[in-house]
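Content type compact mmCIF, C-alpha atoms and all ligand atoms, from the file final.txt:
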# COMPACT_ATOMS: atom_id res chain seq x y z
CA MET W 1 17.10 -6.71 7.85
CA LYS W 2 16.93 -9.48 5.23
CA THR W 3 14.64 -9.22 2.18
CA PRO W 4 13.87 -12.88 1.33
CA ILE W 5 11.30 -12.20 -1.40
CA ILE W 6 13.47 -9.68 -3.25
CA ASP W 7 16.50 -11.97 -2.90
CA PHE W 8 14.62 -14.98 -4.28
CA ILE W 9 13.44 -13.05 -7.34
CA ASN W 10 16.89 -11.60 -7.98
CA ASP W 11 18.32 -15.13 -7.90
CA TYR W 12 15.61 -16.37 -10.22
CA LYS W 13 16.17 -13.55 -12.72
CA GLY W 14 19.92 -14.09 -12.56
CA LYS W 15 19.53 -17.73 -13.65
CA LYS W 16 17.83 -16.58 -16.89
CA PRO W 17 15.28 -19.41 -16.59
CA LEU W 18 12.97 -20.68 -19.31
CA ARG W 19 9.68 -19.44 -17.82
CA LEU W 20 6.97 -21.92 -18.76
CA HIS W 21 4.56 -20.64 -16.13
CA THR W 22 2.32 -17.63 -15.66
CA PRO W 23 2.48 -14.62 -16.01
CA GLY W 24 2.11 -14.73 -19.77
CA HIS W 25 4.75 -12.08 -20.44
CA LYS W 26 7.42 -14.72 -19.50
CA GLY W 27 9.65 -12.01 -18.12
CA PHE W 28 9.95 -10.18 -21.47
CA VAL W 29 9.64 -6.45 -21.16
CA PHE W 30 6.35 -4.97 -22.37
CA CYS W 31 5.82 -2.16 -19.89
CA GLY W 32 8.97 -2.38 -17.81
CA HIS W 33 8.52 -4.53 -14.69
CA GLU W 34 7.95 -7.99 -16.14
CA GLU W 35 11.26 -9.56 -15.12
CA ASP W 36 10.38 -9.05 -11.47
CA ASP W 37 6.84 -10.30 -11.86
CA ILE W 38 6.56 -13.99 -11.08
CA THR W 39 3.93 -16.31 -9.68
CA GLU W 40 3.90 -18.91 -6.90
CA ILE W 41 6.57 -21.16 -8.48
CA PRO W 42 8.47 -23.68 -6.31
CA GLY W 43 10.46 -21.73 -3.74
CA ALA W 44 8.32 -18.60 -4.09
CA ASP W 45 5.99 -19.66 -1.24
CA GLU W 46 2.20 -19.13 -1.14
CA LEU W 47 0.64 -15.96 0.22
CA PHE W 48 -2.20 -17.63 2.12
CA SER W 49 -0.33 -20.76 3.14
CA PRO W 50 3.14 -19.36 3.74
CA ASP W 51 6.06 -21.36 5.08
CA GLY W 52 9.00 -19.96 3.08
CA ILE W 53 10.12 -16.55 1.86
CA ILE W 54 6.73 -14.88 2.39
CA GLU W 55 6.53 -16.27 5.91
CA LEU W 56 10.03 -14.94 6.68
CA SER W 57 9.18 -11.54 5.27
CA GLN W 58 5.87 -11.35 7.16
CA LYS W 59 7.74 -12.27 10.35
CA ASN W 60 10.03 -9.29 9.73
CA ALA W 61 6.98 -7.06 9.31
CA SER W 62 5.40 -8.52 12.46
CA ARG W 63 8.55 -7.68 14.44
CA LEU W 64 8.54 -4.12 13.08
CA PHE W 65 4.86 -3.56 13.84
CA GLY W 66 5.07 -5.40 17.16
CA THR W 67 2.07 -7.58 16.30
CA PRO W 68 1.18 -10.46 13.94
CA THR W 69 1.04 -8.88 10.49
CA TYR W 70 -0.29 -10.37 7.24
CA TYR W 71 0.35 -9.08 3.73
CA SER W 72 -2.33 -8.06 1.25
CA THR W 73 -1.51 -7.33 -2.38
CA GLU W 74 -5.09 -6.12 -2.90
CA GLY W 75 -5.09 -3.15 -0.59
CA SER W 76 -6.99 -2.55 2.60
CA SER W 77 -10.13 -3.31 0.57
CA LEU W 78 -9.28 -7.01 0.83
CA CYS W 79 -8.42 -6.70 4.53
CA VAL W 80 -11.73 -4.96 5.31
CA ARG W 81 -13.68 -7.82 3.73
CA ALA W 82 -11.47 -10.31 5.58
CA MET W 83 -12.02 -8.53 8.92
CA VAL W 84 -15.81 -8.69 8.61
CA PHE W 85 -15.65 -12.32 7.52
CA LEU W 86 -13.23 -13.17 10.37
CA LEU W 87 -15.77 -11.91 12.85
CA CYS W 88 -18.61 -13.92 11.28
CA GLN W 89 -16.41 -17.04 11.22
CA ARG W 90 -15.42 -16.57 14.86
CA LEU W 91 -19.05 -16.17 15.88
CA GLY W 92 -20.26 -18.96 13.62
CA ARG W 93 -23.06 -16.74 12.37
CA GLN W 94 -23.76 -13.42 10.67
CA ALA W 95 -22.31 -10.71 12.89
CA ARG W 96 -24.01 -7.59 14.17
CA ILE W 97 -21.72 -4.58 13.83
CA LEU W 98 -22.04 -1.05 15.17
CA ALA W 99 -20.19 1.14 12.67
CA ALA W 100 -19.33 4.81 12.43
CA ARG W 101 -20.97 6.02 9.25
CA ASN W 102 -17.92 7.12 7.21
CA VAL W 103 -17.03 3.54 6.21
CA HIS W 104 -15.17 2.83 3.00
CA ARG W 105 -17.26 1.11 0.34
CA SER W 106 -15.43 -2.21 0.92
CA PHE W 107 -17.14 -2.44 4.32
CA ILE W 108 -20.57 -2.19 2.71
CA THR W 109 -19.82 -4.94 0.22
CA ALA W 110 -18.31 -7.03 3.04
CA ALA W 111 -21.56 -6.67 4.99
CA ALA W 112 -23.56 -7.55 1.89
CA LEU W 113 -21.48 -10.62 1.09
CA THR W 114 -21.33 -11.96 4.65
CA GLY W 115 -24.87 -10.90 5.60
CA ALA W 116 -23.53 -8.98 8.60
CA ASP W 117 -26.15 -6.70 10.10
CA VAL W 118 -24.95 -3.09 10.42
CA ILE W 119 -26.21 -0.57 12.94
CA TRP W 120 -24.89 2.95 12.40
CA GLN W 121 -23.46 5.19 15.06
CA ARG W 122 -25.81 8.11 15.76
CA PRO W 123 -24.56 11.13 13.79
CA MET W 124 -22.84 13.94 15.72
CA PRO W 125 -23.59 17.61 15.00
CA ASP W 126 -20.41 18.38 13.00
CA ASP W 127 -20.26 15.12 11.06
CA THR W 128 -19.72 15.25 7.33
CA VAL W 129 -20.09 12.29 4.99
CA VAL W 130 -16.35 11.65 5.02
CA SER W 131 -15.36 12.74 8.52
CA VAL W 132 -17.27 11.87 11.69
CA THR W 133 -16.69 12.11 15.42
CA VAL W 134 -16.57 8.76 17.19
CA ASP W 135 -17.84 9.51 20.66
CA PRO W 136 -17.05 6.77 23.23
CA VAL W 137 -20.09 7.73 25.35
CA THR W 138 -22.46 7.38 22.39
CA VAL W 139 -20.74 4.15 21.39
CA GLU W 140 -21.32 2.75 24.89
CA GLU W 141 -24.99 3.78 24.88
CA GLN W 142 -25.47 2.09 21.55
CA ILE W 143 -23.62 -1.04 22.63
CA ILE W 144 -25.96 -1.34 25.62
CA ARG W 145 -29.05 -0.69 23.51
CA ASP W 146 -28.24 -2.54 20.27
CA LYS W 147 -25.99 -5.34 21.56
CA PRO W 148 -23.56 -5.57 18.63
CA ASP W 149 -20.81 -8.19 18.41
CA ALA W 150 -18.28 -5.59 17.26
CA VAL W 151 -17.68 -1.89 16.83
CA TYR W 152 -16.11 -0.79 13.54
CA ILE W 153 -14.48 2.60 13.10
CA THR W 154 -12.37 4.35 10.46
CA THR W 155 -9.43 6.23 11.88
CA PRO W 156 -7.69 8.33 10.68
CA ASP W 157 -10.47 9.33 8.32
CA TYR W 158 -9.97 10.70 4.83
CA LEU W 159 -9.61 14.26 6.11
CA GLY W 160 -7.12 13.38 8.84
CA LYS W 161 -9.37 13.30 11.90
CA THR W 162 -8.48 10.57 14.40
CA ALA W 163 -10.69 8.83 16.94
CA ASP W 164 -9.84 8.14 20.57
CA VAL W 165 -9.19 4.45 19.91
CA ALA W 166 -8.05 3.75 23.48
CA ALA W 167 -11.33 5.07 24.91
CA VAL W 168 -13.46 3.23 22.35
CA ALA W 169 -11.47 0.00 22.95
CA ALA W 170 -12.01 0.32 26.71
CA VAL W 171 -15.77 0.70 26.17
CA CYS W 172 -15.88 -2.25 23.77
CA HIS W 173 -13.93 -4.55 26.04
CA ARG W 174 -15.98 -3.58 29.10
CA HIS W 175 -18.98 -5.00 27.22
CA GLY W 176 -17.24 -7.99 25.62
CA VAL W 177 -17.43 -6.48 22.13
CA TYR W 178 -14.66 -6.63 19.50
CA LEU W 179 -13.12 -3.42 18.14
CA MET W 180 -12.26 -3.49 14.44
CA VAL W 181 -10.48 -0.54 12.86
CA ASP W 182 -10.07 0.57 9.29
CA CYS W 183 -6.73 2.35 9.61
CA ALA W 184 -6.03 2.41 5.86
CA HIS W 185 -4.63 5.93 6.20
CA GLY W 186 -2.49 5.24 9.27
CA ALA W 187 0.16 2.61 8.45
CA TYR W 188 2.79 5.04 9.77
CA LEU W 189 1.15 5.55 13.17
CA HIS W 190 3.06 2.70 14.77
CA PHE W 191 6.30 4.57 14.08
CA LEU W 192 5.42 7.79 15.85
CA PRO W 193 7.48 8.59 18.96
CA GLU W 194 4.44 7.38 20.94
CA PRO W 195 3.04 4.46 18.85
CA SER W 196 -0.60 5.27 18.21
CA ASP W 197 -1.63 2.52 15.87
CA PRO W 198 -5.01 0.94 16.68
CA LEU W 199 -3.55 -2.31 18.04
CA ALA W 200 -1.23 -0.46 20.43
CA LEU W 201 -4.32 1.40 21.66
CA GLY W 202 -6.42 -1.72 22.23
CA ALA W 203 -8.15 -2.63 18.95
CA ASP W 204 -8.57 -6.35 18.20
CA VAL W 205 -7.92 -6.18 14.48
CA CYS W 206 -7.08 -3.48 11.96
CA CYS W 207 -6.01 -2.96 8.39
CA THR W 208 -3.50 -0.44 7.12
CA SER W 209 -2.58 0.45 3.54
CA ALA W 210 1.21 0.50 3.19
CA HIS W 211 0.75 2.19 -0.18
CA LYS W 212 -1.08 5.22 1.21
CA THR W 213 1.40 6.59 3.72
CA LEU W 214 4.50 4.40 3.42
CA PRO W 215 6.70 4.14 0.32
CA ALA W 216 5.09 0.99 -1.15
CA LEU W 217 3.51 0.10 -4.48
CA THR W 218 -0.23 0.61 -4.89
CA GLY W 219 -2.09 -2.39 -3.51
CA ALA W 220 0.35 -3.11 -0.67
CA ALA W 221 -1.45 -3.40 2.66
CA TYR W 222 -1.44 -5.21 6.00
CA LEU W 223 -3.91 -6.87 8.28
CA HIS W 224 -2.73 -6.73 11.90
CA THR W 225 -4.22 -8.81 14.71
CA ALA W 226 -3.20 -10.78 17.76
CA GLU W 227 -6.83 -11.62 18.63
CA PHE W 228 -7.51 -13.79 15.58
CA SER W 229 -5.28 -16.77 14.87
CA ARG W 230 -3.05 -17.15 11.84
CA GLU W 231 -5.35 -19.92 10.52
CA GLU W 232 -8.43 -17.73 10.91
CA VAL W 233 -6.78 -14.77 9.17
CA LEU W 234 -5.31 -16.71 6.25
CA SER W 235 -8.60 -18.46 5.59
CA ALA W 236 -10.53 -15.18 5.72
CA MET W 237 -8.08 -13.40 3.39
CA ALA W 238 -8.07 -16.33 0.95
CA ALA W 239 -11.88 -16.28 0.82
CA PHE W 240 -11.85 -12.93 -1.00
CA ALA W 241 -8.41 -12.67 -2.60
CA SER W 242 -7.00 -13.55 -5.98
CA THR W 243 -5.00 -16.78 -6.14
CA SER W 244 -2.38 -14.86 -8.12
CA PRO W 245 -0.88 -12.33 -5.71
CA SER W 246 1.37 -9.70 -7.25
CA TYR W 247 5.01 -10.45 -6.54
CA LEU W 248 5.85 -6.88 -7.48
CA ILE W 249 3.76 -5.78 -4.52
CA LEU W 250 5.16 -8.53 -2.31
CA GLN W 251 8.68 -7.32 -3.14
CA SER W 252 7.60 -3.81 -2.31
CA LEU W 253 6.36 -4.95 1.13
CA ASP W 254 9.54 -6.96 1.62
CA GLY W 255 11.82 -4.04 0.76
CA LEU W 256 9.73 -1.73 2.92
CA ASN W 257 10.72 -3.75 6.00
CA ARG W 258 14.31 -2.64 5.56
CA TYR W 259 13.21 0.99 5.17
CA LEU W 260 10.98 0.78 8.25
CA CYS W 261 13.97 -0.13 10.44
CA THR W 262 14.95 3.55 10.42
CA TYR W 263 11.54 5.06 9.77
CA ARG W 264 10.94 6.20 13.34
CA GLN W 265 13.90 8.59 13.15
CA ARG W 266 12.81 9.89 9.72
CA LEU W 267 9.32 10.60 11.02
CA ARG W 268 10.66 12.29 14.11
CA ARG W 269 12.60 14.68 11.89
CA PHE W 270 9.85 15.22 9.31
CA ILE W 271 6.76 15.80 11.48
CA PRO W 272 7.96 19.17 12.84
CA GLU W 273 8.39 20.27 9.20
CA VAL W 274 4.78 19.33 8.46
CA ASP W 275 3.72 21.22 11.59
CA ASN W 276 5.62 24.28 10.35
CA VAL W 277 3.79 24.21 7.02
CA LYS W 278 0.42 23.88 8.75
CA ALA W 279 1.31 26.83 10.97
CA SER W 280 2.48 29.02 8.09
CA LEU W 281 -0.66 28.22 6.06
CA ALA W 282 -2.79 29.05 9.10
CA ALA W 283 -0.93 32.35 9.44
CA LYS W 284 -1.73 33.11 5.79
CA GLY W 285 -5.46 32.57 6.47
CA TYR W 286 -6.05 28.90 5.67
CA VAL W 287 -8.00 26.80 8.16
CA PRO W 288 -6.35 23.44 8.90
CA TYR W 289 -8.61 20.49 9.73
CA GLY W 290 -7.98 17.22 11.57
CA ASP W 291 -5.29 16.18 14.00
CA GLU W 292 -3.32 13.61 12.04
CA PRO W 293 0.38 14.52 12.10
CA MET W 294 1.22 13.49 8.53
CA LYS W 295 -1.81 14.77 6.65
CA ILE W 296 -2.42 18.37 5.68
CA THR W 297 -6.12 19.12 5.25
CA LEU W 298 -7.36 22.64 4.69
CA ARG W 299 -10.96 23.74 4.94
CA THR W 300 -10.48 26.09 2.00
CA SER W 301 -14.13 27.11 1.90
CA MET W 302 -13.47 29.00 5.15
CA SER W 303 -10.91 31.05 3.21
CA GLY W 304 -13.11 31.82 0.21
CA LEU W 305 -11.98 28.99 -2.09
CA THR W 306 -13.65 25.70 -2.84
CA GLY W 307 -11.48 22.63 -2.53
CA TYR W 308 -12.13 21.92 -6.23
CA GLU W 309 -10.93 25.38 -7.26
CA THR W 310 -7.84 25.10 -5.07
CA GLN W 311 -7.09 21.71 -6.60
CA SER W 312 -7.36 23.02 -10.19
CA ARG W 313 -5.07 25.93 -9.44
CA LEU W 314 -2.52 23.65 -7.80
CA ILE W 315 -2.59 21.28 -10.76
CA GLU W 316 -1.85 24.24 -13.06
CA LYS W 317 1.34 24.56 -10.99
CA ASN W 318 2.03 20.83 -11.27
CA VAL W 319 1.11 20.08 -7.65
CA TYR W 320 -1.34 17.19 -7.22
CA PRO W 321 -3.28 16.78 -3.96
CA GLU W 322 -4.77 13.53 -2.65
CA TYR W 323 -8.37 14.69 -2.48
CA ALA W 324 -10.59 17.72 -2.88
CA ASP W 325 -14.28 18.39 -2.46
CA ARG W 326 -16.31 21.52 -2.16
CA ASP W 327 -15.04 22.49 1.30
CA PHE W 328 -11.76 20.64 1.77
CA ILE W 329 -8.45 19.78 0.17
CA THR W 330 -6.11 17.10 1.49
CA PHE W 331 -2.38 16.54 0.94
CA LEU W 332 -0.40 13.46 1.88
CA PRO W 333 3.25 14.37 2.30
CA ASN W 334 5.78 11.91 3.70
CA PRO W 335 9.54 11.97 4.22
CA GLN W 336 9.96 11.33 0.46
CA THR W 337 8.30 14.71 -0.15
CA GLY W 338 11.11 16.33 1.79
CA VAL W 339 11.27 19.85 3.14
CA ARG W 340 11.64 21.19 -0.42
CA GLY W 341 8.37 19.57 -1.43
CA LEU W 342 6.61 21.01 1.59
CA ARG W 343 7.99 24.47 0.83
CA ARG W 344 6.86 24.20 -2.78
CA LEU W 345 3.31 23.31 -1.67
CA SER W 346 3.25 26.13 0.82
CA SER W 347 4.63 28.74 -1.56
CA VAL W 348 2.07 27.88 -4.27
CA LEU W 349 -0.81 27.97 -1.77
CA CYS W 350 0.43 31.30 -0.46
CA THR W 351 0.07 32.89 -3.93
CA PHE W 352 -3.72 32.30 -3.90
CA GLU W 353 -5.83 35.20 -2.83
CA LEU W 354 -8.08 34.33 0.10
CA SER W 355 -11.33 36.01 1.04
CA ASP W 356 -14.37 35.66 3.32
CA PRO W 357 -15.76 32.21 4.07
CA LEU W 358 -18.09 30.67 1.51
CA GLU W 359 -21.39 29.36 2.71
CA GLN W 360 -20.51 25.98 4.25
CA GLU W 361 -21.91 22.87 2.65
CA ARG W 362 -24.65 21.54 4.87
CA PHE W 363 -25.55 17.92 4.61
CA ALA W 364 -27.87 17.15 7.50
CA ALA W 365 -26.38 14.64 9.90
CA VAL W 366 -29.41 12.35 9.84
CA LEU W 367 -29.36 8.75 8.76
CA PRO W 368 -31.38 8.00 5.64
CA ARG W 369 -34.44 5.77 6.17
CA ARG W 370 -33.61 2.08 5.91
CA ALA W 371 -36.06 0.14 3.73
CA MET W 372 -34.26 -3.22 3.62
CA SER W 373 -31.01 -4.86 4.73
CA ILE W 374 -27.73 -4.13 2.98
CA ARG W 375 -27.55 -7.73 1.81
CA ASP W 376 -31.13 -7.91 0.48
CA ALA W 377 -30.64 -4.65 -1.39
CA PHE W 378 -27.25 -5.67 -2.77
CA PHE W 379 -28.66 -8.91 -4.20
CA ALA W 380 -31.97 -7.39 -5.40
CA LYS W 381 -32.74 -6.64 -9.07
CA LYS W 382 -31.50 -3.16 -9.91
CA THR W 383 -31.43 -0.54 -12.57
CA VAL W 384 -29.11 2.41 -13.09
CA LEU W 385 -30.79 5.84 -13.14
CA PRO W 386 -29.48 9.37 -13.61
CA VAL W 387 -29.13 11.08 -10.23
CA SER W 388 -31.93 13.50 -11.24
CA GLN W 389 -34.40 10.57 -11.18
CA CYS W 390 -33.27 8.75 -8.04
CA GLU W 391 -35.12 10.66 -5.33
CA GLY W 392 -37.41 8.37 -3.34
CA ARG W 393 -35.79 5.19 -4.71
CA ILE W 394 -33.96 2.56 -2.64
CA ALA W 395 -30.20 2.44 -3.23
CA GLY W 396 -29.07 -0.93 -4.58
CA ASP W 397 -25.34 -0.29 -4.27
CA VAL W 398 -23.02 2.27 -2.77
CA CYS W 399 -23.45 5.66 -4.46
CA VAL W 400 -20.07 7.18 -4.42
CA SER W 401 -17.15 8.55 -6.32
CA CYS W 402 -13.61 7.53 -5.52
CA PRO W 403 -11.85 9.04 -3.69
CA PRO W 404 -13.16 9.09 -0.99
CA ALA W 405 -15.35 6.01 -1.65
CA VAL W 406 -17.58 6.90 1.31
CA SER W 407 -21.26 6.69 0.41
CA PRO W 408 -23.82 9.16 1.80
CA VAL W 409 -26.50 6.52 1.33
CA VAL W 410 -25.92 2.76 1.47
CA CYS W 411 -27.75 -0.15 -0.15
CA GLY W 412 -31.21 -0.61 1.28
CA GLU W 413 -31.65 3.06 2.24
CA VAL W 414 -34.03 5.52 0.61
CA ILE W 415 -32.37 8.31 -1.38
CA ASP W 416 -34.00 11.54 -0.22
CA GLY W 417 -33.84 14.94 -1.93
CA ALA W 418 -30.88 16.22 0.09
CA THR W 419 -28.88 13.06 -0.66
CA ALA W 420 -29.69 13.27 -4.37
CA GLU W 421 -28.49 16.88 -4.35
CA TYR W 422 -25.33 15.90 -2.45
CA LEU W 423 -24.57 13.16 -4.99
CA ARG W 424 -25.13 15.51 -7.90
CA SER W 425 -22.92 18.21 -6.44
CA HIS W 426 -20.17 15.65 -5.78
CA GLY W 427 -20.01 14.58 -9.39
CA VAL W 428 -22.03 11.35 -9.17
CA LYS W 429 -23.99 11.07 -12.42
CA SER W 430 -25.95 7.86 -12.00
CA VAL W 431 -26.87 5.47 -9.21
CA SER W 432 -28.01 1.91 -8.94
CA VAL W 433 -31.50 1.58 -7.44
CA ILE W 434 -33.81 -1.32 -6.73
CA THR W 435 -36.44 -1.97 -9.40
C1 LIG W 501 -10.78 4.65 4.82
C2 LIG W 501 -10.38 3.71 3.73
N1 LIG W 501 -10.46 2.40 3.95
C3 LIG W 501 -10.11 1.50 3.01
C4 LIG W 501 -9.65 1.92 1.78
C5 LIG W 501 -9.25 0.90 0.77
O1 LIG W 501 -7.87 0.89 0.72
P1 LIG W 501 -7.05 0.28 -0.50
O2 LIG W 501 -7.03 1.33 -1.56
O3 LIG W 501 -5.71 0.01 0.10
O4 LIG W 501 -7.76 -0.95 -0.94
C6 LIG W 501 -9.56 3.29 1.51
C7 LIG W 501 -9.10 3.76 0.20
O5 LIG W 501 -9.07 4.89 -0.13
C8 LIG W 501 -9.94 4.21 2.50
O6 LIG W 501 -9.87 5.53 2.29
Let me see the file written as structure tokens.
Amino acid sequence: MKTPIIDFINDYKGKKPLRLHTPGHKGFVFCGHEEDDITEIPGADELFSPDGIIELSQKNASRLFGTPTYYSTEGSSLCVRAMVFLLCQRLGRQARILAARNVHRSFITAAALTGADVIWQRPMPDDTVVSVTVDPVTVEEQIIRDKPDAVYITTPDYLGKTADVAAVAAVCHRHGVYLMVDCAHGAYLHFLPEPSDPLALGADVCCTSAHKTLPALTGAAYLHTAEFSREEVLSAMAAFASTSPSYLILQSLDGLNRYLCTYRQRLRRFIPEVDNVKASLAAKGYVPYGDEPMKITLRTSMSGLTGYETQSRLIEKNVYPEYADRDFITFLPNPQTGVRGLRRLSSVLCTFELSDPLEQERFAAVLPRRAMSIRDAFFAKKTVLPVSQCEGRIAGDVCVSCPPAVSPVVCGEVIDGATAEYLRSHGVKSVSVIT
């Protein structure tokens, strides 16, 4: 497969040009990657009006993903904002969206900026802040009752739990409602033996972060959709994006296309190795969580260790996980990790002494009381208070640490005692509240 963006930049570098354009480093090495870092000079195409090398590269990606695919050099965060705006543009008004509660913070700011009205899916008994069950029956009841324009879900979630996208899509389409999916953690799903990416399962639009599960530079992401036209997508992306896309990231996406040509086979070989590690950790007494094939999440609190403690001990051994909280720890291996990497993870985890379950963190699955809309709260006058003083106040922004960037209380909702305690115990020191 050709790599038109990489080839163009190699040609350009080879000519040793006098660079009288941005970026200001002019190709001189300050931190190491400057020679490859260009801007939209003649021949380099334009990300949101592509008809040259970027267009060719995106066509390659579209062929690989089997659906129209658009590049983002600003992560899924940009694509999430674009998805919400796309919907509002299509409707010609502020959209009404039924969303599962574990949305990434970019969805909240997208709702605030577009004025989209958000109705939350009713919480399910085992929901945590980060990981929720999307129940198609509940979704259908809420569609009938609340009449949203779209349903918005996050799958896989941060802990590796996946939703039944096909069932949710069937419900949505029965009622003439769009299905939008934040699949930031699932860019690889299309390459499973049985493609299980959201679009293959019936979603209308989704985003995926190439940089999370595929070997791409941080910031590389895709928006996939056949429902919305190229003109709609490019205009929505441009509304929120920088006019200076990173050509380092574009090259990364371009080169990734070549890698993805053989990715299916690599995954087919690697997934059984991940399964083996999960099984051996379970045999040792760890409790795996989630059903995503390429993520290893352990509910360590069921084995007597907090996720935080497990993380610190792993870091002492030079092993860095993706995420840890009180109850869970999450690892993101991929074929680059290799079997040796998996064995190393497993052998370190197997040296930790396990014991009886800790008391499980309980954060009641009830929605906080809404005092005003997300948009009104986001634009209201605010002050920042220590978490100890925020009980009873209305949140003026998302209150969250990153990762996982999922907020237990969103702008416009009242912060109750349990939420304040949750924030405190998850390391949030101060929150923005309405004055
Ligand atoms: C579920 C989810 N959606 C969206 C994002 C944003 O992705 P990106 O970092 O590619 O902007 C994240 C980031 O962690 C995420 O976890």
Distance in Å - atom CA of W:Glu227 versus atom CA of W:Ser106: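 Atom CA of W:Ser106 lies at a distance of 21.8 Å from atom CA of W:Glu227.
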Report task. May I have the residues within 6 Å of ligand LIG 501 (chain W), computed using only C-alpha atoms and all ligand atoms, as a PyMOL selection string? Result -> chain W and resi 75-77+104+154+157-158+182+184+209+219+404
With a cut-off of 8 Å, could you pull out the residues of stretch 126-239 of chain W touching stretch 109-121 of chain W and give me the nearest pair of atoms for each, distance in Å to one decimal, using all atoms listed in the file, ordered by chain and ascending number, as JSON lines?
{"residue": "W:Thr138", "atom": "CA", "partner": "W:Gln121", "partner_atom": "CA", "distance": 7.7}
{"residue": "W:Val139", "atom": "CA", "partner": "W:Gln121", "partner_atom": "CA", "distance": 7.0}
{"residue": "W:Gln142", "atom": "CA", "partner": "W:Gln121", "partner_atom": "CA", "distance": 7.5}
{"residue": "W:Asp146", "atom": "CA", "partner": "W:Ile119", "partner_atom": "CA", "distance": 7.9}
**Item:** Atomic separation - atom CA of W:Pro50 relative to atom CA of W:Phe28, Å
**Value:**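 Taking atom CA of W:Phe28 as the start and atom CA of W:Pro50 as the end point, the length is 27.7 Å.
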In Å and to one decimal, atom CA of W:Thr419 is distant from atom CA of W:Gln311 by 24.2 Å
So that I can see what lies close to stretch 361-372 of chain W, please list as a tab-separated table (two decimals) with C-alpha atoms, in the coordinates of the input the residues with an atom at most 10 Å from it, counting all atoms listed in the file and leaving out residues fewer than 2 positions away in the same chain.
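Output (selection_28.tsv):
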chain	number	residue	atom	x	y	z
W	101	ARG	CA	-20.97	6.02	9.25
W	120	TRP	CA	-24.89	2.95	12.40
W	121	GLN	CA	-23.46	5.19	15.06
W	122	ARG	CA	-25.81	8.11	15.76
W	123	PRO	CA	-24.56	11.13	13.79
W	124	MET	CA	-22.84	13.94	15.72
W	125	PRO	CA	-23.59	17.61	15.00
W	126	ASP	CA	-20.41	18.38	13.00
W	127	ASP	CA	-20.26	15.12	11.06
W	128	THR	CA	-19.72	15.25	7.33
W	129	VAL	CA	-20.09	12.29	4.99
W	132	VAL	CA	-17.27	11.87	11.69
W	301	SER	CA	-14.13	27.11	1.90
W	326	ARG	CA	-16.31	21.52	-2.16
W	327	ASP	CA	-15.04	22.49	1.30
W	358	LEU	CA	-18.09	30.67	1.51
W	359	GLU	CA	-21.39	29.36	2.71
W	374	ILE	CA	-27.73	-4.13	2.98
W	375	ARG	CA	-27.55	-7.73	1.81
W	376	ASP	CA	-31.13	-7.91	0.48
W	377	ALA	CA	-30.64	-4.65	-1.39
W	378	PHE	CA	-27.25	-5.67	-2.77
W	393	ARG	CA	-35.79	5.19	-4.71
W	394	ILE	CA	-33.96	2.56	-2.64
W	395	ALA	CA	-30.20	2.44	-3.23
W	396	GLY	CA	-29.07	-0.93	-4.58
W	408	PRO	CA	-23.82	9.16	1.80
W	409	VAL	CA	-26.50	6.52	1.33
W	410	VAL	CA	-25.92	2.76	1.47
W	411	CYS	CA	-27.75	-0.15	-0.15
W	412	GLY	CA	-31.21	-0.61	1.28
W	413	GLU	CA	-31.65	3.06	2.24
W	414	VAL	CA	-34.03	5.52	0.61
W	415	ILE	CA	-32.37	8.31	-1.38
W	416	ASP	CA	-34.00	11.54	-0.22
W	418	ALA	CA	-30.88	16.22	0.09
W	419	THR	CA	-28.88	13.06	-0.66
W	421	GLU	CA	-28.49	16.88	-4.35
W	422	TYR	CA	-25.33	15.90	-2.45
Of W:Ile153, W:Val277, W:Leu86, W:Leu248, the one sitting nearest W:Phe228 when using only C-alpha atoms is W:Leu86
Nearest to W:Leu192, restricted to only C-alpha atoms and choosing among W:Phe65, W:Arg258, W:His211, W:Leu234, comes out as W:Phe65
W:Val130 proximity check over W:Pro4, W:Gly52, W:Gly427, W:Gly290, using only C-alpha atoms: winner is W:Gly290
Against stretch 336-357 of chain W, which residues of stretch 250-284 of chain W fall within 9 Å? For each one I want the closest pair of atoms and the distance in Å (one decimal), counting all atoms listed in the file, rows by chain and increasing residue number, as a Markdown table.
| residue | atom | partner | partner_atom | distance |
| --- | --- | --- | --- | --- |
| W:Phe270 | CA | W:Gly338 | CA | 7.7 |
| W:Glu273 | CA | W:Val339 | CA | 6.7 |
| W:Val274 | CA | W:Leu342 | CA | 7.3 |
| W:Val277 | CA | W:Ser346 | CA | 6.5 |
| W:Lys278 | CA | W:Ser346 | CA | 8.7 |
| W:Ser280 | CA | W:Ser346 | CA | 7.9 |
| W:Leu281 | CA | W:Ser346 | CA | 6.9 |
| W:Lys284 | CA | W:Cys350 | CA | 6.9 |
Fewer than 2 positions away in the same chain doesn't count, so skip those; otherwise give me all residues within 12 Å of W:Arg268, counting all atoms listed in the file, as a short mmCIF file (atom, residue, chain, number, x, y, z; two decimals) with C-alpha atoms, in the coordinates of the input.
data_model
loop_
_atom_site.label_atom_id
_atom_site.label_comp_id
_atom_site.auth_asym_id
_atom_site.auth_seq_id
_atom_site.Cartn_x
_atom_site.Cartn_y
_atom_site.Cartn_z
CA TYR W 188 2.79 5.04 9.77
CA LEU W 189 1.15 5.55 13.17
CA PHE W 191 6.30 4.57 14.08
CA LEU W 192 5.42 7.79 15.85
CA PRO W 193 7.48 8.59 18.96
CA GLU W 194 4.44 7.38 20.94
CA PRO W 195 3.04 4.46 18.85
CA THR W 262 14.95 3.55 10.42
CA TYR W 263 11.54 5.06 9.77
CA ARG W 264 10.94 6.20 13.34
CA GLN W 265 13.90 8.59 13.15
CA ARG W 266 12.81 9.89 9.72
CA PHE W 270 9.85 15.22 9.31
CA ILE W 271 6.76 15.80 11.48
CA PRO W 272 7.96 19.17 12.84
CA GLU W 273 8.39 20.27 9.20
CA VAL W 274 4.78 19.33 8.46
CA ASP W 275 3.72 21.22 11.59
CA PRO W 293 0.38 14.52 12.10
CA MET W 294 1.22 13.49 8.53
CA ASN W 334 5.78 11.91 3.70
CA PRO W 335 9.54 11.97 4.22
#
